[in-house]
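Here is the structure we will look at, set down as structure tokens.
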Amino acid sequence: MLEKIDFDVDKITKEEYKPLHKELVDRLVVLQQEARRRNIGLVVLFEGWNGAGKGGRISDLLYELDARATTVHVTANFNVEDARRYREEHMGSTGYFPMMQEFWKALGPRGNITFFDRGWYTTAAQRLIYALPDKDVSDKKRRKIEKRLGVQAESFVNSIEDFESQLVDDGYVVVKFFLHISEKTQRKRLTGLAEDPSTAWRVSQDELDAIDDYERTYRVYDRFLHATNYSFAPWVLLNGEDKRRANLTVVRTLVEKLDSALHRQKDPAAEAAAQAALANSTQGSQVEGDERTRTPEQNEQLRHEAEAAAAAQHAHAPIASKFEIVSDFPTLTGIDRHLRLTREDYKRRLKIEQKRLFELELEMYQKRVPLMICFEGLDAAGKGGAIKRVAQALDARAYTIYPSPAPTKDELLHPHLWRYWTRLPKAGHVGIYDRTWYGRVLVERVEGFASPAEWARAYDEINEFERDLERWGAVLIKFWVDVSPDVQMERFEAREQDPDKQWKITAEDWRNRDKFPQYKSAIEDMFRLTSTEYAPWIVLESDDKMYARIKALRIINDALEARLHDN
């Protein structure tokens, strides 16, 4: 694609430039405010060669725009030594952080403009460029490294497509600019900066050394440009040797993209009314009270209404996932409710498994392997107790428990996975999730907080997220903590009668029992569509909490041992 840039075209004059630029900027300022009012997010990525003028193009834009609704993220220079270790040690895992996390964290809310001064393409390209084999390696080793890098390049492209498509689906406009300059221009600009004492700090030695790798870098960039020129986020190539023409193209593109997005968006008032109607349709009957105070006839009526609602929602669920699902994914109908442990056996096994986990966590920390443990389940199933027994075995400095309360206003203005991309454990640490990103396809689906289109596409968005975690090197374990309706009722009533546990039971818990058919349908779809080979669902049969706790610890330990001791 880079060959399309013509460096010999006549440069635009200052007299031609000024009126055209002013007209476009005036229009862009108006569109920025309208997009802010309509909650349309704009992501503007500037990629390109070192010395191509990315910072200058961003600065020229920011001078004109409303600063209250703009942010700029500057991607740091890549550490060459990290890249070389990356090549030698583990191609499937960075060992430090998942590549896309930095950019998810920097993402502004819908309604704002987020500028990226370099981004995910620079990060991916530099990892590949600096990991390419040295000239003096043997042919055999060269072929081996290049083959592994080819696989890694494909995984980078997959992660990039996931990120950009999820943003677009969530209401963002993604605009990607690549500033191209010739090798001669790059050498002149960078050496000029390096030789001037007032600007030498802007150019690192690595950047100067990279000038000699222009041809190799060109091939990597061009490969990425071809592979990621998506219809929903196409590339706009800019001549970095003509800043006026580049500025005009940038502003004109942003005006066209925002104008198009505003015309495509449905009327906000109509959209709000449709969402309200959907929410009302999922609220069920207006019969008051709960199953203990209602008549048998009223309970039966509610059950039929919930079953009808479950059938209607199930019709919106995807028939299949684009990901490969394990053949033996769990189902609620196959759960054994009779699994039990005696108190004595429980105490003995608890001591053994907790000691085992403590020792494995120390080894995990040294090898910088992240562990993510997810707990989903019905109310009163025993998630909290299972989490306590896991945490009890760990060094308090080694783990973080992440609850999933109702999303904040800022979280609602981002894609639903944003708050989980920003809440990952550090490498070598443990993240324990008390409810998870699956809220999108469970409570948000059943309660109408997400539209059918939103929760239907969330299954594969979640699979994409978990695939990135697996590629990072995380051990990801997903537990569904299950309890039968009869045992759940016993626990609800026990909580109400115990002053120390009454805070655990709310009217919402009772109301959720009325919607069990809807939740059951959502759970079955979740199992069916997100039980991938790298992140399968595991059921904890929790009619006996002691059994469930020991099973959880044993599975965590087995998974860690398999990862740490796999040769």
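Just so we're on the same page: first chain in the structure tokens is A, next is B, and so on; residues restart at 1 for each chain, and ligands are numbered from 1 in the order they show up.
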Spatial neighbours of Gln354 in chain A, 12 Å, only C-alpha atoms, chain gap at least 3 places, as JSON, numbers by chain: {"A": [346, 347, 348, 349, 350, 351, 357, 358, 359, 360, 361, 386, 388, 389, 390, 391, 392, 393, 394, 395, 549, 550, 551, 552, 553, 554, 555, 556, 557]}
Keeping only N, CA and C atoms, write the selected residues as a PDB file, in the first residue's frame.
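To be explicit, this is the file written out as out.pdb:
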```pdb
ATOM      1  N   TYR A 346     -13.197 -33.080  54.602  1.00  0.00           N
ATOM      2  CA  TYR A 346     -13.050 -31.710  54.114  1.00  0.00           C
ATOM      3  C   TYR A 346     -11.854 -31.021  54.756  1.00  0.00           C
ATOM      4  N   LYS A 347     -11.751 -31.095  56.061  1.00  0.00           N
ATOM      5  CA  LYS A 347     -10.652 -30.434  56.766  1.00  0.00           C
ATOM      6  C   LYS A 347      -9.296 -30.987  56.323  1.00  0.00           C
ATOM      7  N   ARG A 348      -9.240 -32.294  56.147  1.00  0.00           N
ATOM      8  CA  ARG A 348      -7.976 -32.916  55.729  1.00  0.00           C
ATOM      9  C   ARG A 348      -7.585 -32.467  54.327  1.00  0.00           C
ATOM     10  N   ARG A 349      -8.538 -32.505  53.406  1.00  0.00           N
ATOM     11  CA  ARG A 349      -8.237 -32.142  52.021  1.00  0.00           C
ATOM     12  C   ARG A 349      -7.962 -30.642  51.885  1.00  0.00           C
ATOM     13  N   LEU A 350      -8.670 -29.848  52.671  1.00  0.00           N
ATOM     14  CA  LEU A 350      -8.463 -28.393  52.617  1.00  0.00           C
ATOM     15  C   LEU A 350      -7.023 -28.050  52.963  1.00  0.00           C
ATOM     16  N   LYS A 351      -6.513 -28.673  53.989  1.00  0.00           N
ATOM     17  CA  LYS A 351      -5.136 -28.405  54.405  1.00  0.00           C
ATOM     18  C   LYS A 351      -4.147 -28.803  53.312  1.00  0.00           C
ATOM     19  N   LEU A 357      -1.368 -25.061  46.925  1.00  0.00           N
ATOM     20  CA  LEU A 357      -1.560 -23.805  46.199  1.00  0.00           C
ATOM     21  C   LEU A 357      -0.546 -22.757  46.634  1.00  0.00           C
ATOM     22  N   PHE A 358      -0.270 -22.689  47.896  1.00  0.00           N
ATOM     23  CA  PHE A 358       0.709 -21.724  48.407  1.00  0.00           C
ATOM     24  C   PHE A 358       2.072 -21.952  47.750  1.00  0.00           C
ATOM     25  N   GLU A 359       2.487 -23.199  47.658  1.00  0.00           N
ATOM     26  CA  GLU A 359       3.788 -23.510  47.068  1.00  0.00           C
ATOM     27  C   GLU A 359       3.798 -23.240  45.560  1.00  0.00           C
ATOM     28  N   LEU A 360       2.703 -23.560  44.889  1.00  0.00           N
ATOM     29  CA  LEU A 360       2.632 -23.323  43.454  1.00  0.00           C
ATOM     30  C   LEU A 360       2.612 -21.828  43.136  1.00  0.00           C
ATOM     31  N   GLU A 361       1.981 -21.054  44.007  1.00  0.00           N
ATOM     32  CA  GLU A 361       1.933 -19.608  43.764  1.00  0.00           C
ATOM     33  C   GLU A 361       3.317 -18.985  43.830  1.00  0.00           C
ATOM     34  N   ALA A 386     -16.030 -20.093  48.534  1.00  0.00           N
ATOM     35  CA  ALA A 386     -14.989 -20.699  47.712  1.00  0.00           C
ATOM     36  C   ALA A 386     -13.834 -19.723  47.499  1.00  0.00           C
ATOM     37  N   LYS A 388     -12.933 -17.302  49.486  1.00  0.00           N
ATOM     38  CA  LYS A 388     -12.188 -17.158  50.748  1.00  0.00           C
ATOM     39  C   LYS A 388     -11.166 -18.265  50.921  1.00  0.00           C
ATOM     40  N   ARG A 389     -11.545 -19.490  50.590  1.00  0.00           N
ATOM     41  CA  ARG A 389     -10.620 -20.620  50.782  1.00  0.00           C
ATOM     42  C   ARG A 389      -9.452 -20.564  49.799  1.00  0.00           C
ATOM     43  N   VAL A 390      -9.678 -19.992  48.614  1.00  0.00           N
ATOM     44  CA  VAL A 390      -8.571 -19.802  47.679  1.00  0.00           C
ATOM     45  C   VAL A 390      -7.643 -18.701  48.189  1.00  0.00           C
ATOM     46  N   ALA A 391      -8.225 -17.570  48.558  1.00  0.00           N
ATOM     47  CA  ALA A 391      -7.424 -16.434  49.013  1.00  0.00           C
ATOM     48  C   ALA A 391      -6.655 -16.766  50.285  1.00  0.00           C
ATOM     49  N   GLN A 392      -7.243 -17.579  51.130  1.00  0.00           N
ATOM     50  CA  GLN A 392      -6.618 -17.949  52.404  1.00  0.00           C
ATOM     51  C   GLN A 392      -5.272 -18.644  52.193  1.00  0.00           C
ATOM     52  N   ALA A 393      -5.119 -19.295  51.052  1.00  0.00           N
ATOM     53  CA  ALA A 393      -3.897 -20.052  50.781  1.00  0.00           C
ATOM     54  C   ALA A 393      -2.791 -19.182  50.181  1.00  0.00           C
ATOM     55  N   LEU A 394      -3.104 -17.934  49.828  1.00  0.00           N
ATOM     56  CA  LEU A 394      -2.169 -17.097  49.091  1.00  0.00           C
ATOM     57  C   LEU A 394      -1.559 -16.015  49.959  1.00  0.00           C
ATOM     58  N   ASP A 395      -0.370 -15.573  49.582  1.00  0.00           N
ATOM     59  CA  ASP A 395       0.230 -14.388  50.178  1.00  0.00           C
ATOM     60  C   ASP A 395      -0.665 -13.196  49.848  1.00  0.00           C
ATOM     61  N   ARG A 549     -15.685 -26.316  47.417  1.00  0.00           N
ATOM     62  CA  ARG A 549     -14.436 -25.613  47.753  1.00  0.00           C
ATOM     63  C   ARG A 549     -13.214 -26.477  47.463  1.00  0.00           C
ATOM     64  N   ILE A 550     -13.289 -27.735  47.835  1.00  0.00           N
ATOM     65  CA  ILE A 550     -12.151 -28.628  47.598  1.00  0.00           C
ATOM     66  C   ILE A 550     -11.957 -28.855  46.096  1.00  0.00           C
ATOM     67  N   LYS A 551     -13.050 -29.006  45.362  1.00  0.00           N
ATOM     68  CA  LYS A 551     -12.944 -29.207  43.914  1.00  0.00           C
ATOM     69  C   LYS A 551     -12.298 -27.994  43.259  1.00  0.00           C
ATOM     70  N   ALA A 552     -12.687 -26.788  43.683  1.00  0.00           N
ATOM     71  CA  ALA A 552     -12.111 -25.566  43.116  1.00  0.00           C
ATOM     72  C   ALA A 552     -10.606 -25.515  43.350  1.00  0.00           C
ATOM     73  N   LEU A 553     -10.182 -25.770  44.581  1.00  0.00           N
ATOM     74  CA  LEU A 553      -8.753 -25.732  44.900  1.00  0.00           C
ATOM     75  C   LEU A 553      -7.968 -26.781  44.104  1.00  0.00           C
ATOM     76  N   ARG A 554      -8.540 -27.976  44.008  1.00  0.00           N
ATOM     77  CA  ARG A 554      -7.843 -29.048  43.291  1.00  0.00           C
ATOM     78  C   ARG A 554      -7.681 -28.702  41.813  1.00  0.00           C
ATOM     79  N   ILE A 555      -8.717 -28.152  41.202  1.00  0.00           N
ATOM     80  CA  ILE A 555      -8.654 -27.810  39.775  1.00  0.00           C
ATOM     81  C   ILE A 555      -7.653 -26.680  39.539  1.00  0.00           C
ATOM     82  N   ILE A 556      -7.639 -25.691  40.414  1.00  0.00           N
ATOM     83  CA  ILE A 556      -6.666 -24.593  40.299  1.00  0.00           C
ATOM     84  C   ILE A 556      -5.248 -25.146  40.393  1.00  0.00           C
ATOM     85  N   ASN A 557      -5.012 -26.004  41.363  1.00  0.00           N
ATOM     86  CA  ASN A 557      -3.680 -26.582  41.547  1.00  0.00           C
ATOM     87  C   ASN A 557      -3.258 -27.430  40.350  1.00  0.00           C
TER      88      ASN A 557
END
```
Counting only C-alpha atoms, what is within 12 Å of Phe375 in chain A, bar same-chain residues fewer than 2 positions away, as a PyMOL selection string? chain A and resi 372-373+377-379+381-388+390+401-404+431-439+476-482+537-540+548-549+552
Grab the residues selected above and save them as a short mmCIF file (atom, residue, chain, number, x, y, z; two decimals), in the first residue's frame with N, CA and C atoms.
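File produced: result.cif:
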```cif
data_model
loop_
_atom_site.label_atom_id
_atom_site.label_comp_id
_atom_site.auth_asym_id
_atom_site.auth_seq_id
_atom_site.Cartn_x
_atom_site.Cartn_y
_atom_site.Cartn_z
N MET A 372 -5.83 -16.17 36.55
CA MET A 372 -7.13 -15.50 36.64
C MET A 372 -8.19 -16.55 36.93
N ILE A 373 -8.88 -16.38 38.07
CA ILE A 373 -9.90 -17.34 38.52
C ILE A 373 -11.25 -16.63 38.55
N GLY A 377 -22.17 -17.70 39.30
CA GLY A 377 -23.09 -18.67 39.89
C GLY A 377 -24.37 -18.02 40.37
N LEU A 378 -25.29 -18.84 40.80
CA LEU A 378 -26.56 -18.36 41.31
C LEU A 378 -26.38 -17.74 42.69
N ASP A 379 -27.34 -16.93 43.09
CA ASP A 379 -27.31 -16.34 44.43
C ASP A 379 -27.30 -17.45 45.47
N ALA A 381 -25.06 -19.58 46.06
CA ALA A 381 -24.45 -20.84 45.62
C ALA A 381 -23.17 -21.15 46.38
N GLY A 382 -22.53 -20.12 46.93
CA GLY A 382 -21.30 -20.35 47.68
C GLY A 382 -20.05 -19.79 47.04
N LYS A 383 -20.22 -18.79 46.18
CA LYS A 383 -19.05 -18.17 45.53
C LYS A 383 -18.11 -17.55 46.56
N GLY A 384 -18.69 -16.80 47.49
CA GLY A 384 -17.87 -16.10 48.49
C GLY A 384 -17.04 -17.05 49.33
N GLY A 385 -17.64 -18.15 49.75
CA GLY A 385 -16.92 -19.13 50.57
C GLY A 385 -15.79 -19.79 49.81
N ALA A 386 -16.03 -20.09 48.53
CA ALA A 386 -14.99 -20.70 47.71
C ALA A 386 -13.83 -19.72 47.50
N ILE A 387 -14.16 -18.46 47.27
CA ILE A 387 -13.14 -17.43 47.07
C ILE A 387 -12.29 -17.28 48.33
N LYS A 388 -12.93 -17.30 49.49
CA LYS A 388 -12.19 -17.16 50.75
C LYS A 388 -11.17 -18.26 50.92
N VAL A 390 -9.68 -19.99 48.61
CA VAL A 390 -8.57 -19.80 47.68
C VAL A 390 -7.64 -18.70 48.19
N ILE A 401 -8.84 -9.38 44.66
CA ILE A 401 -10.20 -9.83 44.41
C ILE A 401 -10.94 -8.69 43.71
N TYR A 402 -11.48 -8.99 42.54
CA TYR A 402 -12.20 -7.99 41.74
C TYR A 402 -13.70 -8.31 41.77
N PRO A 403 -14.50 -7.55 42.51
CA PRO A 403 -15.95 -7.75 42.43
C PRO A 403 -16.50 -7.07 41.18
N SER A 404 -17.72 -7.39 40.82
CA SER A 404 -18.35 -6.78 39.65
C SER A 404 -19.68 -6.15 40.04
N GLY A 431 -5.53 -12.88 39.97
CA GLY A 431 -6.76 -12.10 39.95
C GLY A 431 -7.94 -13.02 40.20
N ILE A 432 -8.72 -12.73 41.25
CA ILE A 432 -9.89 -13.53 41.59
C ILE A 432 -11.13 -12.67 41.31
N TYR A 433 -12.00 -13.15 40.45
CA TYR A 433 -13.14 -12.36 39.99
C TYR A 433 -14.44 -12.90 40.59
N ASP A 434 -15.04 -12.09 41.46
CA ASP A 434 -16.34 -12.41 42.07
C ASP A 434 -17.41 -11.84 41.17
N ARG A 435 -17.87 -12.64 40.25
CA ARG A 435 -18.65 -12.29 39.07
C ARG A 435 -17.73 -11.60 38.08
N THR A 436 -18.12 -11.63 36.80
CA THR A 436 -17.15 -11.33 35.76
C THR A 436 -17.78 -10.61 34.58
N TRP A 437 -17.01 -10.60 33.48
CA TRP A 437 -17.48 -10.05 32.21
C TRP A 437 -18.68 -10.80 31.66
N TYR A 438 -19.02 -11.95 32.25
CA TYR A 438 -20.19 -12.69 31.79
C TYR A 438 -21.50 -12.07 32.23
N GLY A 439 -21.42 -11.02 33.04
CA GLY A 439 -22.64 -10.28 33.38
C GLY A 439 -23.38 -9.79 32.14
N LEU A 476 -6.29 -19.27 32.85
CA LEU A 476 -7.65 -18.76 33.02
C LEU A 476 -8.57 -19.90 33.40
N ILE A 477 -9.20 -19.79 34.58
CA ILE A 477 -10.09 -20.84 35.08
C ILE A 477 -11.47 -20.22 35.34
N LYS A 478 -12.52 -20.82 34.77
CA LYS A 478 -13.87 -20.28 34.89
C LYS A 478 -14.76 -21.29 35.63
N PHE A 479 -15.23 -20.90 36.80
CA PHE A 479 -16.11 -21.76 37.59
C PHE A 479 -17.54 -21.27 37.52
N TRP A 480 -18.46 -22.20 37.30
CA TRP A 480 -19.87 -21.93 37.53
C TRP A 480 -20.24 -22.63 38.83
N VAL A 481 -20.60 -21.85 39.86
CA VAL A 481 -20.94 -22.40 41.16
C VAL A 481 -22.45 -22.61 41.19
N ASP A 482 -22.86 -23.86 41.23
CA ASP A 482 -24.27 -24.18 41.04
C ASP A 482 -24.91 -24.67 42.33
N TRP A 537 -15.71 -23.94 30.63
CA TRP A 537 -16.45 -23.78 31.89
C TRP A 537 -16.31 -25.05 32.74
N ILE A 538 -16.20 -24.84 34.06
CA ILE A 538 -16.12 -25.94 35.02
C ILE A 538 -17.21 -25.72 36.06
N VAL A 539 -18.06 -26.70 36.25
CA VAL A 539 -19.15 -26.59 37.22
C VAL A 539 -18.66 -27.03 38.59
N LEU A 540 -18.93 -26.23 39.60
CA LEU A 540 -18.72 -26.61 41.00
C LEU A 540 -20.07 -26.97 41.60
N ALA A 548 -17.59 -28.32 46.94
CA ALA A 548 -17.29 -27.33 45.90
C ALA A 548 -15.96 -26.63 46.17
N ARG A 549 -15.68 -26.32 47.42
CA ARG A 549 -14.44 -25.61 47.75
C ARG A 549 -13.21 -26.48 47.46
N ALA A 552 -12.69 -26.79 43.68
CA ALA A 552 -12.11 -25.57 43.12
C ALA A 552 -10.61 -25.52 43.35
#
```
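Remark: for Asp162 in chain A, the closest of the candidate residues A:Trp503, A:Tyr420, A:Tyr547, A:Tyr230 is A:Tyr230 (distances computed over only C-alpha atoms).
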Minimum-distance residue to Gly240 in chain A, chosen among A:Ile5, A:Ala124, A:Ala67, A:Ala106 (using only C-alpha atoms): A:Ile5
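Within range 386-557 of chain A, DSSP run on the backbone puts these residues in strand (DSSP E or B): Tyr399, Thr400, Ile401, Tyr402, Pro403, Val430, Gly431, Ile432, Tyr433, Asp434, Val475, Leu476, Ile477, Lys478, Phe479, Trp480, Val481, Asp482, Thr532, Trp537, Ile538, Val539, Leu540 and Glu541 of chain A.
Interatomic distance, CA of Arg216 in chain A to CA of Leu128 in chain A: 10.5 Å.
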Would you pick out the contacts of Gly111 in chain A at 8 Å or less, using only C-alpha atoms, so that residues sharing its chain but fewer than 5 positions from it are not included, and give the list as a count of residues only? 9
Residue with the minimum atom-to-atom distance to Pro485 in chain A, picked from A:His565, A:Arg337, A:Lys355, A:Lys144 with only C-alpha atoms counted, is A:Arg337
Give me the residues of range 417-486 of chain A that have any atom at most 9 Å from an atom of range 513-531 of chain A; for each, the nearest atom pair and the distance in Å, rounded to one decimal. Use only C-alpha atoms, sort by chain and number, and format it as a tab-separated table.
```
residue	atom	partner	partner_atom	distance
A:Tyr438	CA	A:Met526	CA	8.1
A:Val441	CA	A:Ala522	CA	6.7
A:Leu442	CA	A:Ala522	CA	5.7
A:Val443	CA	A:Tyr519	CA	7.8
A:Arg445	CA	A:Ala522	CA	7.6
A:Val446	CA	A:Gln518	CA	6.3
A:Tyr459	CA	A:Thr530	CA	6.4
A:Asp460	CA	A:Thr530	CA	7.5
A:Ile462	CA	A:Thr530	CA	7.6
A:Asn463	CA	A:Thr530	CA	6.2
A:Pro485	CA	A:Arg513	CA	8.3
```
Members of range 311-557 of chain A assigned alpha helix (DSSP H) by DSSP, as a ChimeraX atom specification: /A:311-314,343-366,383-392,409-412,418-421,443-447,452-472,485-497,507-514,516-530,545-557
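Using only C-alpha atoms, the smallest distance between any of A:Arg245, A:Lys22, A:Arg57, A:Lys184 and Glu215 in chain A comes from A:Lys184.
Omitting Arg68 in chain A and its sequence neighbours fewer than 2 positions away, and counting only C-alpha atoms, the residues within 10 Å are Leu65, Asp66, Thr70, Thr71, Asn112 and Ile113 of chain A.
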Using only C-alpha atoms, can you tell me which of A:Lys14, A:Arg356, A:Arg563, A:Arg467 comes closest to Glu533 in chain A? A:Arg467
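Distance-wise, CA of Glu291 in chain A and CA of Ala507 in chain A end up 11.3 Å apart.
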